[in-house]
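To start, the structure itself, in structure tokens.
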Amino acid sequence: MTMMIDDQSLGNLKGTEEVQEIVDKGPELPEDAVAAYILKRYRQFDDDKNTSGAEQEIINSLAAFNLEYSEEDLQKIAAEGSSPIYIGLTATKARALSAFIKDILLSSTKPYDIQPTKIPSIPKKVEDQVVKYFEKQMEAVATGEDLKKTNEAKRDMELSLIEEINAIAKHEFTKIEAEIEDNLQEGSFYSALSDFIDDFAIYPTAILKGPIVTKKNKLTWMDGAPVLKEEFVFFNRRVNPLDFYPSPDKATFVEKLRFSLEELSQLEGIPGYDIEVIREAIDSPQGTQNSLFTRVDQTIRDQEMQGGLEYEEEVHGIHWHGAIPASVLGERVAAKGTIVNVEAILIGDKVLKLSLNTDPLGRSPYYWSSFQTKPGSFWGTSLAKVINPEQRLCNATVRALALNLGLSASPQAMITIDRLADNGDIDEIYGGKIWQVKSDPAGNSGKPIEFFNIPSNANELLGVFNRFMELADDTSGIPRYTYGGSNTQGAGATSSGLAMLIESATKTIKQAVRGIDQGVLVPRIETEFYVTMLKSKSKYTGDITVVAKGSQALTNKAAESLKRNEFLQATANQIDQQIMGPEGRALLLREMAVDMNLPEAIVPNRMQLKTKQEGEAKSAQANQELEKMKINVPLEVAKLQGEYANKGQGIVAQTKDMEAQVDKLENDQD
């Protein structure tokens with residue numbers, strides 16, 4: 001049992017004489033008006049569930065999964081002398097369905113996506129800055145005689161504005177989405193979802209409960225030493241359908257609870273819980289248990305092989321989510337209106353907790369789905385009931401086959417008793433036995449002992465059995481070849497043909513997964529977003545859209561992967577790559593990496609790609625400058641060399657001229 005924690009403290013709960021006159025308590029109802037009202041409704045829901053057949057279908061479905069006959073069937077089988085063989089047809093189909101759905105919803109990627117709405121809202125300050133920027137850009141658009149070009153430029157600018165707002169909204173939402181996923185992981189959501197899927201494959205309706213704000217002990221490390229830390233998490237768990245009682249209008253829900261004494265003791269001191277009720281239950285757990293112990297509790301214990309004895313340290317309770325007349329509440333909860341939506345917990349016939357449902361939409365923490373829904377009903381039709389005729393006929397055929405094989409496996413004997421000479425034991429037949437017989441007094445030559453064989457009908461019975469197995473494939477929509485149950489002929493003999501058969505056969509499973517998407521994943525994640533935002537420091541503005549990817553993945557995963565590959569090849573040219581840019585190409589590669597269960601890190605993210613591009617641009621610029629230097633430096637050197645050569649020639653000429661002048665002067669002196 002998981003503890004429910006609430007911040008509201010409503011004090012000790014007492015009834016009023018006015019309410020006691022309104023509520024028809026009966027001799028077994030307590031004096032507390034709230035407890036009396038809840039217990040009365042609980043018993044009404046229990047009677048409805050029992051008389052409608054929903055409870056019996058739950059029990060029968062689990063019995064079929066566990067390969068068990070009902071007591072009535074066992075008596076009939078014993079009367080006909082058959083062996084109580086139970087063929088695991090239902091169990092095999094249920095396990096295949098559960099494995100198929102888990103493979104879709106519990107794969108490496110999360111089974112949902114959270115996105116801003118199509119027209120997202122962003123913080124007003126940020127929106128004003130973006131709009132102001134684009135308004136300046138719009139003013140810069142040239143207006144003139146070419147009206148067409150002007151309008152095209154304005155349209156491009158408006159589209160860019162919308163794209164920028166979407167990008168900001170998605171970026172702002174990234175941290176919230178990570179926080180939601182962290183809360184789901186901490187609250188054992190995926191473990192609870194796995195249990196829910198198992199129930200979905202077995203029962204008429206499977207139920208998931210969450211978020212339940214729960215205390216949890218967590219082992220952390222500080223300075224190299226283990227430290228036990230207590231924290232609150234948004235917990236999730238499956239609910240046993242036998243413990244769940246919905247109202248006909250699916251607006252009020254009652255769940256049967258079972259507390260251990262340790263769980264009760266942990267509730268002491270938490271605001272919103274009546275400490276006197278807790279201590280009374282701990283001191284006398286047997287008394288609180290007996291008041292709510294029913295046939296369902298014994299059924300659950302039989303299923304879980306707990307035996308028939310009642311636990312001395314088990315305390316029974318009721319968890320209520322729904323409307324209660326304000327007149328019943330009296331002055332305990334300040335609320336407007338004649339009907340008040342509340343959450344209440346009872347231990348035995350005492351109110352342990354009472355608080356208003358503070359969810360703005362009045363949501364309860366229960367989510368459900370069925371393999372096959374019934375319009376207007378909470379309880380659907382289980383897989384076990386869908387194939388119940390085929391299951392029973394397969395069982396009957398195998399029982400007949402076993403009986404026939406036993407009779408036809410050895411010869412039958414027909415003995416004339418009065419012709420036996422030794423009065424021996426006719427039940428003993430073994431090799432080499434000598435039968436002493438008398439002659440027939442009538443002089444007939446008939447044999448005193450004759451052996452004969454009962455014909456075997458094994459082939460005919462096996463044909464009937466296989467036919468009913470095939471009918472179960474069609475009825476359930478889960479053929480054997482989808483889980484490797486048999487060799488297929490024709491189209492199924494090839495890998496591509498088998499893939500086509502599986503794709504065609506999974507329409508029923510697609511519908512089932514779609515029911516989980518809409519009945520569980522979408523509302524559960526929407527609620528998680530709400531409770532996360534209440535405690536988050538984020539200032540996210542606007543609505544969200546939860547996209548459940550289960551049925552979408554089953555329907556489109558292979559087709560989308562093929563289309564991505566084709567798109568990747570089609571755009572492998574210079575023109576398309578210039579349009580997409582490295583960012584667009586990297587985005588496509590990251591999506592393909594996710595499809596192949598490869599780490600996204602193998603493809604650079606936007607910042608890494610930008611840094612790489614900037615580095616490549618600087619490197620290219622440096623190379624260009626180097627090439628220029630390689631070309632320019634030799635030219636400069638040649639130029640300098642030319643200049644120096646010219647200067648050298650001038651100096652030589654000047655020198656020769658000076659030498660000539662010197663020679664002339666010397667000659668003149670002579």
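Ligands are numbered from 1 in the order shown, chains are lettered A, B, ... in the order of the structure tokens, and residues start at 1 in each chain.
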- prompt: Within 9 Å of Pro455 (chain A), counting only C-alpha atoms, which residues qualify if same-chain residues fewer than 3 places away don't, as a list in words?
  reply: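 My reading of the contact set: Asn404, Leu407 and Ser408 of chain A.
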query: Excluding same-chain residues fewer than 5 positions from region 63-77 of chain A, what lies within 7 Å of it counting only C-alpha atoms, as a list in words?
result: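 Selected residues are Ser82, Pro84, Tyr86, Gly88, Thr90, Ala91, Ile202 and Ala384 of chain A.
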- prompt: Mind pulling up the distance from CA of Glu280 (chain A) to CA of Val34 (chain A)?
  reply: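 For CA of Val34 (chain A) relative to CA of Glu280 (chain A), the distance reads 18.6 Å.
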task: Extract, using only C-alpha atoms, all DNA, RNA and protein residues at most 7 Å from Gln412 (chain A), discarding same-chain residues fewer than 2 positions from it, and format them as a PyMOL selection string.
output: chain A and resi 410+414+451-453
Residue set, region 347-414 of chain A restricted to alpha helix (DSSP H), as a ChimeraX atom specification: /A:383-386,388-408
message: What does the structure give for the distance between CA of Leu461 (chain A) and CA of Pro479 (chain A), in Å to one decimal?
response: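 Going from CA of Leu461 (chain A) over to CA of Pro479 (chain A), I get 21.3 Å.
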message: I want to know what sits within 10 Å of Thr508 (chain A), based on only C-alpha atoms, with residues of the same chain fewer than 4 positions away left out; could you give that as a ChimeraX atom specification?
response: /A:371-372,475-478,504,512-514
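Minimum distance to Leu356 (chain A) across A:Glu276, A:Glu268, A:Glu343, A:Glu526 (counting only C-alpha atoms) occurs at A:Glu343.
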message: Could you list, as an MDAnalysis selection string, every residue within 12 Å of Tyr42 (chain A), counting only C-alpha atoms and ignoring same-chain residues fewer than 6 positions away?
response: chainID A and resid 29 35:36 48:49 243:247 252:256 292 317:322 346 349
query: Between A:Phe529, A:Tyr366, A:Leu264, A:Pro111, which one has atoms that come closest to Tyr190 (chain A), using only C-alpha atoms?
result: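 For Tyr190 (chain A), the nearest of the given residues is A:Pro111.
Remark: for Glu177 (chain A), the closest of the candidate residues A:Ala323, A:Ile85, A:Ile544, A:Leu568 is A:Ile544 (distances computed over only C-alpha atoms).
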field: Best match for closeness to Tyr367 (chain A) among A:Gln518, A:Asn60, A:Ser284, A:Ser98, counting only C-alpha atoms
entry: A:Gln518
query: At what distance in Å, to one decimal, does CA of Asp113 (chain A) lie from CA of Leu383 (chain A)?
result: 29.0 Å
Nearest residue to Pro241 (chain A) from the set A:Glu55, A:Asp182, A:Asp32, A:Glu470 (distances using only C-alpha atoms): A:Glu55
Near Ser188 (chain A), counting only C-alpha atoms, which residues have an atom at most 12 Å away, once you skip same-chain residues fewer than 6 positions from it, shown as a PDB file with N, CA, C and O atoms, in the first residue's frame?
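Listed below is the output, selection18.pdb:
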```
ATOM      1  N   GLU A 181      10.152  14.204 -17.158  1.00  0.00           N
ATOM      2  CA  GLU A 181      10.695  12.856 -17.345  1.00  0.00           C
ATOM      3  C   GLU A 181      11.436  12.396 -16.097  1.00  0.00           C
ATOM      4  O   GLU A 181      11.355  11.221 -15.717  1.00  0.00           O
ATOM      5  N   ASP A 182      12.136  13.308 -15.430  1.00  0.00           N
ATOM      6  CA  ASP A 182      12.840  12.955 -14.198  1.00  0.00           C
ATOM      7  C   ASP A 182      11.852  12.551 -13.111  1.00  0.00           C
ATOM      8  O   ASP A 182      12.071  11.580 -12.376  1.00  0.00           O
ATOM      9  N   SER A 194       4.525  -0.973 -16.883  1.00  0.00           N
ATOM     10  CA  SER A 194       4.760  -2.371 -17.234  1.00  0.00           C
ATOM     11  C   SER A 194       3.748  -3.285 -16.545  1.00  0.00           C
ATOM     12  O   SER A 194       3.178  -4.189 -17.168  1.00  0.00           O
ATOM     13  N   ASP A 195       3.491  -3.039 -15.253  1.00  0.00           N
ATOM     14  CA  ASP A 195       2.477  -3.815 -14.530  1.00  0.00           C
ATOM     15  C   ASP A 195       1.092  -3.585 -15.121  1.00  0.00           C
ATOM     16  O   ASP A 195       0.280  -4.512 -15.225  1.00  0.00           O
ATOM     17  N   LEU A 208      -4.234   2.364 -13.806  1.00  0.00           N
ATOM     18  CA  LEU A 208      -2.978   2.954 -13.330  1.00  0.00           C
ATOM     19  C   LEU A 208      -3.308   4.115 -12.403  1.00  0.00           C
ATOM     20  O   LEU A 208      -4.230   4.891 -12.684  1.00  0.00           O
ATOM     21  N   LYS A 209      -2.560   4.241 -11.321  1.00  0.00           N
ATOM     22  CA  LYS A 209      -2.803   5.296 -10.337  1.00  0.00           C
ATOM     23  C   LYS A 209      -1.573   6.177 -10.199  1.00  0.00           C
ATOM     24  O   LYS A 209      -0.454   5.693 -10.048  1.00  0.00           O
ATOM     25  N   GLY A 210      -1.785   7.485 -10.249  1.00  0.00           N
ATOM     26  CA  GLY A 210      -0.692   8.431 -10.069  1.00  0.00           C
ATOM     27  C   GLY A 210      -1.110   9.827 -10.525  1.00  0.00           C
ATOM     28  O   GLY A 210      -2.093   9.966 -11.256  1.00  0.00           O
ATOM     29  N   PRO A 211      -0.415  10.856 -10.119  1.00  0.00           N
ATOM     30  CA  PRO A 211       0.722  10.815  -9.197  1.00  0.00           C
ATOM     31  C   PRO A 211       0.269  10.754  -7.753  1.00  0.00           C
ATOM     32  O   PRO A 211      -0.682  11.428  -7.361  1.00  0.00           O
ATOM     33  N   ILE A 212       0.959   9.947  -6.978  1.00  0.00           N
ATOM     34  CA  ILE A 212       0.716   9.836  -5.547  1.00  0.00           C
ATOM     35  C   ILE A 212       1.934  10.431  -4.854  1.00  0.00           C
ATOM     36  O   ILE A 212       3.048   9.916  -4.998  1.00  0.00           O
ATOM     37  N   THR A 214       4.459  10.725  -2.316  1.00  0.00           N
ATOM     38  CA  THR A 214       4.854   9.662  -1.396  1.00  0.00           C
ATOM     39  C   THR A 214       6.241   9.915  -0.819  1.00  0.00           C
ATOM     40  O   THR A 214       7.110  10.432  -1.512  1.00  0.00           O
ATOM     41  N   LYS A 216       9.807   8.657   0.230  1.00  0.00           N
ATOM     42  CA  LYS A 216      10.664   7.584  -0.270  1.00  0.00           C
ATOM     43  C   LYS A 216      12.061   7.764   0.291  1.00  0.00           C
ATOM     44  O   LYS A 216      12.609   8.863   0.282  1.00  0.00           O
ATOM     45  N   VAL A 233       8.259  11.970  -3.658  1.00  0.00           N
ATOM     46  CA  VAL A 233       8.233  11.732  -5.095  1.00  0.00           C
ATOM     47  C   VAL A 233       6.787  11.581  -5.551  1.00  0.00           C
ATOM     48  O   VAL A 233       5.891  11.282  -4.756  1.00  0.00           O
ATOM     49  N   PHE A 234       6.562  11.768  -6.852  1.00  0.00           N
ATOM     50  CA  PHE A 234       5.255  11.538  -7.455  1.00  0.00           C
ATOM     51  C   PHE A 234       5.198  10.077  -7.893  1.00  0.00           C
ATOM     52  O   PHE A 234       5.612   9.726  -8.986  1.00  0.00           O
ATOM     53  N   PHE A 235       4.666   9.225  -7.014  1.00  0.00           N
ATOM     54  CA  PHE A 235       4.706   7.783  -7.220  1.00  0.00           C
ATOM     55  C   PHE A 235       3.563   7.320  -8.124  1.00  0.00           C
ATOM     56  O   PHE A 235       2.516   7.974  -8.223  1.00  0.00           O
ATOM     57  N   ASN A 236       3.791   6.169  -8.800  1.00  0.00           N
ATOM     58  CA  ASN A 236       2.787   5.555  -9.664  1.00  0.00           C
ATOM     59  C   ASN A 236       2.714   4.064  -9.356  1.00  0.00           C
ATOM     60  O   ASN A 236       3.727   3.452  -9.018  1.00  0.00           O
ATOM     61  N   ARG A 237       1.533   3.470  -9.506  1.00  0.00           N
ATOM     62  CA  ARG A 237       1.384   2.022  -9.311  1.00  0.00           C
ATOM     63  C   ARG A 237       0.124   1.530 -10.010  1.00  0.00           C
ATOM     64  O   ARG A 237      -0.791   2.314 -10.309  1.00  0.00           O
ATOM     65  N   ARG A 238       0.069   0.237 -10.262  1.00  0.00           N
ATOM     66  CA  ARG A 238      -1.127  -0.364 -10.831  1.00  0.00           C
ATOM     67  C   ARG A 238      -2.124  -0.656  -9.712  1.00  0.00           C
ATOM     68  O   ARG A 238      -1.754  -0.798  -8.530  1.00  0.00           O
TER      69      ARG A 238
END
```
